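Colleague: My structure is below; once you've seen it, I'll send some questions.
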Amino acid sequence: MRTVAPDAVYAFCTVPPGSDSEEHFRKDYGGRYFRDQVRRNFRKFNAALEKWIAARNDPRVVLVRWDGAIDTATGYANAVHPNLKGGEQLGDALFDWLVGDLEARRGGRLRGTISRGERPSDRRTLLDGG
C-alpha cells in the first residue's frame with residue numbers, strides 16, 4: 001500500500017468496550033463469557049494495539065480511540081455489536097478524528113461543507129426529515 005499511496009495515513013481503531021448489560025452477555029454467550037472478562041480482553045487487545053502502533057514510530061500510522069465514543073448503556077444491539085445509534089456514534093467519532101487529523105496535517109480549517117461538529121448522523125437526520 002505504501003508503494004501506491006506513500007503519504008496515506010493508516011488509522012487503527014481501538015475495540016469499543018461492549019454493552020453495559022450483563023444480560024446481553026448471558027444471552028449472547030450462554031454463560032461462557034461475562035462482561036467484565038470481555039472488557040478485560042478488549043483492554044488487553046487495545047493496549048497491545050497501542051504498543052504495536054508506537055513501535056512503528058510513524059506519524060502516518062495512528063490510533064483512534066473509541067473508549068468513550070459509544071453509549072455503553074444504549075448503543076448496543078447485543079453484547080459487543082452496536083445498534084444503529086451506536087453505529088452512528090462510532091461513525092461520528094471517526095468522522096471527528098478524520099476532520100481533525102486532516103485539519104492538523106494541512107495546518108488549518110478545511111474548506112467546503114465539512115466541519116468538525118457537523119456530523120454525518122446529524123446530516124442524515126436532517127435529510128431524512130427526522
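In the C-alpha cells, chains take the letters A, B, ... in the order shown, each chain's residues start at 1, and ligands count up from 1 in the order shown.
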Skip Arg60 of chain A itself and residues of its chain fewer than 3 positions away, then list as a PyMOL selection string all residues within 7 Å of it, counting only C-alpha atoms.
Modeller: chain A and resi 8-10
Colleague: Output C-alpha atoms for every residue in that selection, as a tab-separated table (two decimals), in the first residue's frame.
Modeller:
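The result, written out as result28.tsv:
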chain	number	residue	atom	x	y	z
A	8	ALA	CA	-1.51	7.74	3.17
A	9	VAL	CA	-2.37	7.77	6.86
A	10	TYR	CA	-3.39	4.42	8.35
Colleague: Taking 2 positions as the minimum chain separation for residues in the same chain, which residues sit within 12 Å of segment 52-58 of chain A when counting only C-alpha atoms? Answer as a PDB file with N, CA and C atoms, in the first residue's frame.
Modeller:
ATOM      1  N   ASP A   7       1.968   8.554   0.998  1.00  0.00           N
ATOM      2  CA  ASP A   7       1.645   9.558   2.014  1.00  0.00           C
ATOM      3  C   ASP A   7       0.362   9.251   2.772  1.00  0.00           C
ATOM      4  N   ALA A   8      -0.245   8.092   2.518  1.00  0.00           N
ATOM      5  CA  ALA A   8      -1.506   7.740   3.172  1.00  0.00           C
ATOM      6  C   ALA A   8      -1.308   7.604   4.680  1.00  0.00           C
ATOM      7  N   VAL A   9      -2.355   7.947   5.416  1.00  0.00           N
ATOM      8  CA  VAL A   9      -2.374   7.769   6.858  1.00  0.00           C
ATOM      9  C   VAL A   9      -3.211   6.522   7.146  1.00  0.00           C
ATOM     10  N   TYR A  10      -2.691   5.653   7.984  1.00  0.00           N
ATOM     11  CA  TYR A  10      -3.393   4.422   8.348  1.00  0.00           C
ATOM     12  C   TYR A  10      -3.883   4.548   9.783  1.00  0.00           C
ATOM     13  N   ALA A  11      -5.174   4.540   9.948  1.00  0.00           N
ATOM     14  CA  ALA A  11      -5.785   4.681  11.268  1.00  0.00           C
ATOM     15  C   ALA A  11      -6.283   3.320  11.749  1.00  0.00           C
ATOM     16  N   PHE A  12      -5.897   2.966  12.950  1.00  0.00           N
ATOM     17  CA  PHE A  12      -6.364   1.742  13.586  1.00  0.00           C
ATOM     18  C   PHE A  12      -7.214   2.151  14.780  1.00  0.00           C
ATOM     19  N   CYS A  13      -8.406   1.609  14.852  1.00  0.00           N
ATOM     20  CA  CYS A  13      -9.335   1.971  15.922  1.00  0.00           C
ATOM     21  C   CYS A  13      -9.301   0.943  17.039  1.00  0.00           C
ATOM     22  N   THR A  14      -9.388   1.429  18.261  1.00  0.00           N
ATOM     23  CA  THR A  14      -9.483   0.525  19.403  1.00  0.00           C
ATOM     24  C   THR A  14     -10.838  -0.186  19.362  1.00  0.00           C
ATOM     25  N   PHE A  45      -6.251  -6.187  24.349  1.00  0.00           N
ATOM     26  CA  PHE A  45      -6.061  -6.037  22.899  1.00  0.00           C
ATOM     27  C   PHE A  45      -5.721  -4.590  22.562  1.00  0.00           C
ATOM     28  N   ASN A  46      -6.471  -3.652  23.126  1.00  0.00           N
ATOM     29  CA  ASN A  46      -6.234  -2.237  22.837  1.00  0.00           C
ATOM     30  C   ASN A  46      -4.844  -1.808  23.281  1.00  0.00           C
ATOM     31  N   ALA A  47      -4.375  -2.306  24.423  1.00  0.00           N
ATOM     32  CA  ALA A  47      -3.022  -1.983  24.898  1.00  0.00           C
ATOM     33  C   ALA A  47      -1.972  -2.545  23.941  1.00  0.00           C
ATOM     34  N   ALA A  48      -2.192  -3.766  23.466  1.00  0.00           N
ATOM     35  CA  ALA A  48      -1.251  -4.371  22.508  1.00  0.00           C
ATOM     36  C   ALA A  48      -1.256  -3.595  21.193  1.00  0.00           C
ATOM     37  N   LEU A  49      -2.426  -3.161  20.758  1.00  0.00           N
ATOM     38  CA  LEU A  49      -2.524  -2.364  19.527  1.00  0.00           C
ATOM     39  C   LEU A  49      -1.781  -1.043  19.689  1.00  0.00           C
ATOM     40  N   GLU A  50      -1.973  -0.394  20.827  1.00  0.00           N
ATOM     41  CA  GLU A  50      -1.284   0.867  21.083  1.00  0.00           C
ATOM     42  C   GLU A  50       0.235   0.671  21.081  1.00  0.00           C
ATOM     43  N   ARG A  60       2.300   8.475  10.294  1.00  0.00           N
ATOM     44  CA  ARG A  60       1.211   8.134   9.370  1.00  0.00           C
ATOM     45  C   ARG A  60       0.492   6.852   9.781  1.00  0.00           C
ATOM     46  N   VAL A  61       0.883   6.274  10.909  1.00  0.00           N
ATOM     47  CA  VAL A  61       0.187   5.115  11.485  1.00  0.00           C
ATOM     48  C   VAL A  61      -0.312   5.571  12.848  1.00  0.00           C
ATOM     49  N   VAL A  62      -1.626   5.710  12.983  1.00  0.00           N
ATOM     50  CA  VAL A  62      -2.188   6.343  14.177  1.00  0.00           C
ATOM     51  C   VAL A  62      -3.271   5.474  14.817  1.00  0.00           C
ATOM     52  N   LEU A  63      -3.510   5.765  16.086  1.00  0.00           N
ATOM     53  CA  LEU A  63      -4.535   5.078  16.867  1.00  0.00           C
ATOM     54  C   LEU A  63      -5.717   6.016  17.070  1.00  0.00           C
ATOM     55  N   VAL A  64      -6.906   5.524  16.770  1.00  0.00           N
ATOM     56  CA  VAL A  64      -8.141   6.262  17.043  1.00  0.00           C
ATOM     57  C   VAL A  64      -8.834   5.537  18.188  1.00  0.00           C
TER      58      VAL A  64
END
Colleague: If you run DSSP on the backbone here, which positions in segment 8-116 of chain A get strand (DSSP E)? Please write them as a tab-separated table (two decimals) with C-alpha atoms, in the first residue's frame.
Modeller:
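Output file part-v5.tsv follows:
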chain	number	residue	atom	x	y	z
A	10	TYR	CA	-3.39	4.42	8.35
A	11	ALA	CA	-5.78	4.68	11.27
A	12	PHE	CA	-6.36	1.74	13.59
A	13	CYS	CA	-9.33	1.97	15.92
A	61	VAL	CA	0.19	5.12	11.49
A	62	VAL	CA	-2.19	6.34	14.18
A	63	LEU	CA	-4.54	5.08	16.87
A	64	VAL	CA	-8.14	6.26	17.04
Colleague: Write out as a list in words which residues come within 8 Å of Asp67 of chain A when counting only C-alpha atoms, dropping same-chain ones fewer than 4 positions away.
Modeller: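 After dropping sequence-adjacent residues, the list is Thr14, Val15, Pro16 and Pro17 of chain A.
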Colleague: Those same residues, written as a short mmCIF file (atom, residue, chain, number, x, y, z; two decimals), in the first residue's frame with C-alpha atoms?
Modeller:
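Dumped everything to result06.cif:
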data_model
loop_
_atom_site.label_atom_id
_atom_site.label_comp_id
_atom_site.auth_asym_id
_atom_site.auth_seq_id
_atom_site.Cartn_x
_atom_site.Cartn_y
_atom_site.Cartn_z
CA THR A 14 -9.48 0.52 19.40
CA VAL A 15 -12.18 -2.01 20.19
CA PRO A 16 -15.13 -0.32 21.96
CA PRO A 17 -15.86 -1.64 25.46
#
Colleague: Would you list the contacts of Phe25 of chain A as number ranges by chain, taking every protein, DNA or RNA residue within 10 Å and counting only C-alpha atoms, but skipping same-chain residues closer than 4 positions in sequence?
Modeller: A: 18-21, 29-36, 38, 78-80
Colleague: Determine which residues of chain A DSSP labels as alpha helix (DSSP H) from the backbone of this structure, then write them out as a count of residues only.
Modeller: 62
Colleague: In Å, rounded to a single decimal, give me how far atom CA of Thr72 of chain A is from atom CA of Arg26 of chain A.
Modeller: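 Value for the atom CA of Arg26 of chain A-atom CA of Thr72 of chain A distance: 16.2 Å.
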Colleague: Find the residues around Tyr76 of chain A up to 7 Å (only C-alpha atoms counted), leave out those fewer than 6 positions away in its own chain, and share them as a VMD selection string.
Modeller: chain A and resid 19 82 to 83 86
Colleague: Write the residues of the selection above to a file with C-alpha atoms, as a PDB file, in the first residue's frame.
Modeller:
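So the final result, stored in out-v9.pdb, reads:
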ATOM      1  CA  SER A  19     -22.500  -3.274  26.329  1.00  0.00           C
ATOM      2  CA  PRO A  82     -23.539  -1.650  18.064  1.00  0.00           C
ATOM      3  CA  ASN A  83     -27.135  -0.917  17.175  1.00  0.00           C
ATOM      4  CA  GLY A  86     -24.124   3.048  18.469  1.00  0.00           C
TER       5      GLY A  86
END
